[in-house]
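Participant: Here you go, one structure.
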Amino acid sequence: MPRRPTPSRPSARAPKRTSARAPARTGTLQTLGRRTLAGLRNLGIGLAMASAVSYLPASVTADWSAHAQRGVAITHDIRVLLGDVGIDAMNAAGGVLPDLRGVRLPIPAAPPLPATVSAEKRESWPEPFTPPTELPQAAQLPNVASSFSAAKRVLYERVYTDHRITFYCGCGYGQQKQTALEGCGLGFMAANKRAQRVEAEHIFPAAQFGQSLACWRAPGTFPQCLKTGGGQLSGRACCEKVDPTFATAHNDLQNLVPAVGAINGKRSDFNWGMVSGGERFGDCAIRIDASTRRVEPPSAVRGDVARTMLYMRDTYGFRLSRQDEQLYAAWNNADPPDTWEIDRNHRISQIQGRGNRYVEEYKRL
């Protein structure tokens with residue numbers, strides 16, 4: 001009898017080949033994703049904390065160390081940068097919102113005047129401090145010298161006649177304006193000819209309030225600024241000649257201090273601020289960071305700088321950023337006017353017919 005054929009068993013299918021790399025790649029991507037999200041979360045927390053620190057009032061940070069105040073100043077910049085980035089992103093997303101560039105988050109209100117300030121002074125000092133909406137007319141400005149050379153002569157001969165000490169570094173100087181560098185820790189600069197002389201330094205740089213003017217940018221377009229033999233005056237000289245407001249601000253004694261010439265040159269037209277590094281000069285505590293165009297003055301004169309900057313803002317309508325105003329408030333609070341600053345302001349008031357109210361009616365901002 002023929003044998004039945006044995007039914008063939010279905011052969012087991014060979015397992016599909018799978019790449020060993022796929023699970024590994026998936027796991028790597030998942031790990032990378034988790035780490036990225038964790039990093040973004042931590043970054044968000046850090047930025048939120050930095051923004052919170054930036055709102056600390058000046059009354060709290062005034063007594064902090066210079067490094068701590070520098071950190072607070074950095075948080076201000078971080079918060080402003082985040083706001084600008086957010087606004088740019090929203091504007092780019094659809095243009096539905098109005099252009100809000102330049103908007104800054106509010107600053108906490110200044111504390112009330114102390115009880116030691118008279119009621120009359122309280123009424124004469126408006127709150128809050130705001131710059132003029134329009135530039136003042138020449139008739140409303142201080143009675144300053146008609147030229148920079150005349151202003152310097154008055155500065156040296158009438159204001160600093162018996163106080164021949166440079167502003168930043170405390171270097172003595174003689175009647176011929178030769179600096180005594182050895183006595184202020186700048187002896188290593190003795191070979192520098194510019195360091196050997198004193199120069200009149202603008203606390204609020206003239207370039208900052210001049211560069212927006214046509215006479216500064218294009219002096220050749222003004223007939224008064226063309227020289228007889230050809231050529232033209234510099235932008236600074238042209239503005240002194242044709243713009244009364246610029247000339248008055250440029251020659252205002254409140255804005256002028258004697259400084260070691262080389263330090264004045266290094267400071268250039270840089271703005272004030274707290275710097276993390278910067279160039280140092282012997283025993284002089286000033287720091288100049290050319291990379292960020294910022295200068296950190298010695299702690300002993302930070303209040304003087306702040307009160308001068310606020311005076312120039314109020315008197316001439318020059319605008320300051322909110323961050324700078326916060327910094328100047330902190331400097332004003334940490335460094336009240338000393339005897340010399342009060343005496344200096346009184347002398348200038350007698351000469352120009354107007355003093356600096358931030359010195360005359362000092363208060364914590």
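Lettering and numbering for the structure tokens are positional, with chains as A, B, ... in the shown order, residues counted from 1 in each chain, and ligands counted from 1 in the shown order.
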Need to verify the contact set: Pro298 in chain A, 12 Å, only C-alpha atoms, exclusion of same-chain residues closer than 3 positions in sequence. Can you return it as a ChimeraX atom specification?

Facilitator: /A:66,167-170,272-275,280-281,283-288,295,301-305,331,335

Participant: Take the residues that were just selected and, keeping C-alpha atoms, output them as a PDB file, in the first residue's frame.

Facilitator:
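Now in part-v1.pdb:
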```
ATOM      1  CA  ALA A  66      30.330  96.730  44.077  1.00  0.00           C
ATOM      2  CA  PHE A 167      38.324 113.967  40.052  1.00  0.00           C
ATOM      3  CA  TYR A 168      38.830 110.247  39.424  1.00  0.00           C
ATOM      4  CA  CYS A 169      42.262 109.461  40.841  1.00  0.00           C
ATOM      5  CA  GLY A 170      42.796 112.146  43.490  1.00  0.00           C
ATOM      6  CA  TRP A 272      28.977 105.002  32.852  1.00  0.00           C
ATOM      7  CA  GLY A 273      28.198 101.567  34.222  1.00  0.00           C
ATOM      8  CA  MET A 274      29.446  98.613  36.233  1.00  0.00           C
ATOM      9  CA  VAL A 275      32.061  96.550  34.392  1.00  0.00           C
ATOM     10  CA  ARG A 280      42.900  99.498  35.532  1.00  0.00           C
ATOM     11  CA  PHE A 281      45.404 102.241  36.270  1.00  0.00           C
ATOM     12  CA  ASP A 283      46.049 102.710  42.518  1.00  0.00           C
ATOM     13  CA  CYS A 284      43.301 104.660  40.743  1.00  0.00           C
ATOM     14  CA  ALA A 285      40.001 102.811  41.228  1.00  0.00           C
ATOM     15  CA  ILE A 286      38.486 103.758  37.864  1.00  0.00           C
ATOM     16  CA  ARG A 287      37.845 100.904  35.416  1.00  0.00           C
ATOM     17  CA  ILE A 288      37.476 101.406  31.676  1.00  0.00           C
ATOM     18  CA  VAL A 295      33.386 103.121  32.595  1.00  0.00           C
ATOM     19  CA  VAL A 301      32.740 109.771  43.273  1.00  0.00           C
ATOM     20  CA  ARG A 302      29.877 107.624  41.990  1.00  0.00           C
ATOM     21  CA  GLY A 303      27.325 109.867  43.675  1.00  0.00           C
ATOM     22  CA  ASP A 304      28.975 112.937  42.135  1.00  0.00           C
ATOM     23  CA  VAL A 305      28.703 111.330  38.690  1.00  0.00           C
ATOM     24  CA  TRP A 331      25.033 105.529  43.215  1.00  0.00           C
ATOM     25  CA  ASP A 335      27.542 108.107  48.005  1.00  0.00           C
TER      26      ASP A 335
END
```

Participant: Just the strand (DSSP E or B) stuff from range 123-226 of chain A, please, per backbone DSSP, written as a list of chain:residue names.

Facilitator: A:Ile165, A:Gly172, A:Tyr173, A:Gln178, A:Thr179, A:Arg197, A:Val198, A:Glu199, A:Ala200, A:Glu201, A:His202, A:Leu226

Participant: Give the helix (DSSP H, G or I) residues of range 173-355 of chain A, as assigned by DSSP on the backbone, as a ChimeraX atom specification.

Facilitator: /A:181-184,187-189,206-210,214-217,219-221,223-225,235-242,244-251,253-255,261-267,299-316,322-334,339-352

Participant: For range 347-353 of chain A, find every residue with an atom within 6 Å (counting only C-alpha atoms), except residues of its own chain fewer than 4 positions away, and show them as a list in words.

Facilitator: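 Contacts, with the query itself left out: Pro142, Asn143 and Val144 of chain A.
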
Participant: Compare A:Ala259, A:Leu40, A:Leu186, A:Ala145 by their minimum atom-to-atom distance to Val198 in chain A, counting only C-alpha atoms, and give me the closest one.

Facilitator: A:Ala259

Participant: Give me, please, the distance in Å between CA of Pro336 in chain A and CA of Gln175 in chain A, quoted to one decimal.

Facilitator: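 So the answer is 29.6 Å.
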
Participant: Between A:Ala329, A:Leu37, A:Cys171, A:Ala237, which one has atoms that come closest to Arg307 in chain A, using only C-alpha atoms?

Facilitator: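 Using only C-alpha atoms, Arg307 in chain A sits closest to A:Ala329.
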
Participant: Considering only C-alpha atoms, return as a ChimeraX atom specification whatever protein or nucleic-acid residues lie within 7 Å of Ala190 in chain A, sequence-local ones (same chain, fewer than 5 positions apart) excluded.

Facilitator: /A:181,195-196

Participant: With C-alpha atoms kept, could you save the residues just selected as an mmCIF file, in the first residue's frame?

Facilitator:
```cif
data_model
loop_
_atom_site.group_PDB
_atom_site.id
_atom_site.type_symbol
_atom_site.label_atom_id
_atom_site.label_comp_id
_atom_site.auth_asym_id
_atom_site.auth_seq_id
_atom_site.Cartn_x
_atom_site.Cartn_y
_atom_site.Cartn_z
ATOM 1 C CA LEU A 181 51.449 111.247 39.539
ATOM 2 C CA ALA A 195 49.252 111.943 31.885
ATOM 3 C CA GLN A 196 51.524 114.755 33.018
#
```

Participant: So that I can check the surroundings of Pro205 in chain A, please list as a VMD selection string every protein, DNA and RNA residue that reaches within 8 Å of it, counting only C-alpha atoms and ignoring chain neighbours fewer than 6 positions away.

Facilitator: chain A and resid 269 to 271

Participant: Just to be explicit: take each residue in the selection above, keep N, CA and C atoms, and write the result as a PDB file, in the first residue's frame.

Facilitator:
```pdb
ATOM      1  N   ASP A 269      34.393 108.864  25.080  1.00  0.00           N
ATOM      2  CA  ASP A 269      32.995 109.279  25.243  1.00  0.00           C
ATOM      3  C   ASP A 269      32.151 108.119  25.754  1.00  0.00           C
ATOM      4  N   PHE A 270      32.795 107.170  26.479  1.00  0.00           N
ATOM      5  CA  PHE A 270      32.083 105.994  26.972  1.00  0.00           C
ATOM      6  C   PHE A 270      31.089 106.383  28.059  1.00  0.00           C
ATOM      7  N   ASN A 271      30.025 105.612  28.138  1.00  0.00           N
ATOM      8  CA  ASN A 271      28.994 105.845  29.148  1.00  0.00           C
ATOM      9  C   ASN A 271      29.411 105.185  30.463  1.00  0.00           C
TER      10      ASN A 271
END
```

Participant: Kindly indicate which residue among A:Ile203, A:Asn255, A:Gln30, A:Gly220 lies nearest to Ala151 in chain A, using only C-alpha atoms for the distances.

Facilitator: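 For Ala151 in chain A, the nearest of the given residues is A:Asn255.
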
Participant: Write out as a PyMOL selection string each polymer residue whose atoms come within 12 Å of Cys238 in chain A, counting only C-alpha atoms; drop sequence neighbours fewer than 4 positions from it.

Facilitator: chain A and resi 210-211+213-227+232-234+242-244+246-247
